Structure formats: C-alpha cells, structure tokens
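Only one structure is covered here, and it is reproduced in the block below.
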Amino acid sequence: MIVCSCNCLTEAQVRESCTRTEGAARSTFEVYKCLGCSPKCGTCARTIRKIMNETLGAGACNACPIAANSACGAAKIAGALSTAIEPLPAGAGLVAAE
Ligand code: FES
C-alpha cells in the first residue's frame, strides 16, 4: 500500500527502513532519508510514524540509545502527541477554506 504519494513510498518500504540491521530509521525524517527522498507535502508523516510505532512496538524510542539513556525530549514529545492527536473518523476528509 502506498503511504506517501509524493515519493511513492510503500508501507513495506517504511517497515524495512526502520528494521534494517544497520542505519535503521528512528524518525520520520530518517525514513525519507533511508529511502532516498525527502518529505514534500508532509501529509504522510503521521502515517509513517504510526507504521514505525507498529513495527518497533510500544518501545520505539527505547531502540534509540539516546532515548534509552536520558530523558529524551523527542520521546516525551512522541508520547504526548500519540495521546493528544485523535485520528480522523473513517471517511472524513479535509475541506479547503474559502
Ligand atoms: S505524501 Fe508524503 S510527502 Fe507528500
């Protein structure tokens, strides 16, 4: 399934990028970098983060040596965002402002 239409990235590619034995992506930006592209519109960032969390488990930040050994700000922000952001209801879409 395509998760990034700007870069034609698939869910499988995202999962592979964060489970590589060397140079695994630990942030959404690193996923783009690992896959040889960069974010464009950014619409897919939340989906990529969700796939990373599913792939790496609840302890995604625990895989990062910095987060595991300190009070990492990124881990705190990721935790806060995951509880604060509600997904859109099924079938809901964005409407352009007039
Ligand atoms: S959909 Fe991924 S950068 Fe636009």
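Following the order of the structure tokens, first chain is A, next is B, and so on, with residues numbered from 1 inside each chain and ligands from 1 in the order they appear.
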
Hey, which residues come within 10 Å of ligand 1 if we count only C-alpha atoms and all ligand atoms? Could you give them as a PyMOL selection string? chain A and resi 2-9+32+37-48

Can you tell me which residues surround Arg15 in chain A at a distance of at most 9 Å, considering only C-alpha atoms, apart from same-chain residues fewer than 2 positions away, and format the answer as a compact mmCIF listing (two decimals) with C-alpha atoms, in the first residue's frame?
# COMPACT_ATOMS: atom_id res chain seq x y z
CA THR A 10 5.00 1.82 0.39
CA GLU A 11 4.17 0.59 3.86
CA ALA A 12 6.62 -2.30 3.33
CA GLN A 13 9.44 0.14 2.50
CA SER A 17 13.70 1.20 6.69
CA CYS A 18 13.17 1.07 10.45
CA THR A 19 14.16 -2.59 10.89
CA ARG A 20 17.43 -2.57 8.98
CA ILE A 48 4.77 6.85 8.70
CA ILE A 51 3.79 2.38 10.94
CA MET A 52 7.10 2.87 12.76
CA GLU A 54 3.55 -0.62 14.99
CA THR A 55 6.75 -2.10 13.60
CA LEU A 56 9.00 -1.26 16.51

Correct to one decimal, the distance CA of Gly23 in chain A-CA of Lys50 in chain A is 19.6 Å

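If you look at CA of Met1 in chain A and CA of Cys34 in chain A, they are 18.4 Å away from each other.
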
DSSP on the backbone: what in range 4-38 of chain A comes out alpha helix (DSSP H), as a ChimeraX atom specification? /A:11-17,28-34

Take the selection from the previous step and output its residues with N, CA and C atoms, as a short mmCIF file (atom, residue, chain, number, x, y, z; two decimals), in the first residue's frame.
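Final file, again-v2.cif:
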data_model
loop_
_atom_site.label_atom_id
_atom_site.label_comp_id
_atom_site.auth_asym_id
_atom_site.auth_seq_id
_atom_site.Cartn_x
_atom_site.Cartn_y
_atom_site.Cartn_z
N GLU A 11 4.13 0.97 2.45
CA GLU A 11 4.17 0.59 3.86
C GLU A 11 5.34 -0.37 4.10
N ALA A 12 5.55 -1.32 3.18
CA ALA A 12 6.62 -2.30 3.33
C ALA A 12 7.99 -1.61 3.35
N GLN A 13 8.17 -0.58 2.51
CA GLN A 13 9.44 0.14 2.50
C GLN A 13 9.67 0.86 3.82
N VAL A 14 8.61 1.44 4.37
CA VAL A 14 8.74 2.14 5.65
C VAL A 14 9.13 1.15 6.74
N ARG A 15 8.45 0.00 6.77
CA ARG A 15 8.78 -1.02 7.78
C ARG A 15 10.23 -1.50 7.62
N GLU A 16 10.65 -1.71 6.39
CA GLU A 16 12.02 -2.17 6.15
C GLU A 16 13.03 -1.13 6.59
N SER A 17 12.73 0.15 6.36
CA SER A 17 13.70 1.20 6.69
C SER A 17 13.95 1.32 8.19
N THR A 28 10.72 9.96 11.47
CA THR A 28 10.09 10.01 10.15
C THR A 28 11.04 10.61 9.12
N PHE A 29 11.79 11.62 9.52
CA PHE A 29 12.75 12.23 8.60
C PHE A 29 13.77 11.19 8.15
N GLU A 30 14.21 10.34 9.09
CA GLU A 30 15.19 9.31 8.73
C GLU A 30 14.60 8.27 7.78
N VAL A 31 13.30 8.04 7.86
CA VAL A 31 12.66 7.12 6.92
C VAL A 31 12.81 7.66 5.50
N TYR A 32 12.46 8.93 5.32
CA TYR A 32 12.61 9.53 3.99
C TYR A 32 14.06 9.41 3.53
N LYS A 33 14.98 9.76 4.43
CA LYS A 33 16.41 9.76 4.10
C LYS A 33 16.87 8.35 3.72
N CYS A 34 16.48 7.35 4.52
CA CYS A 34 16.85 5.95 4.24
C CYS A 34 16.33 5.50 2.88
#
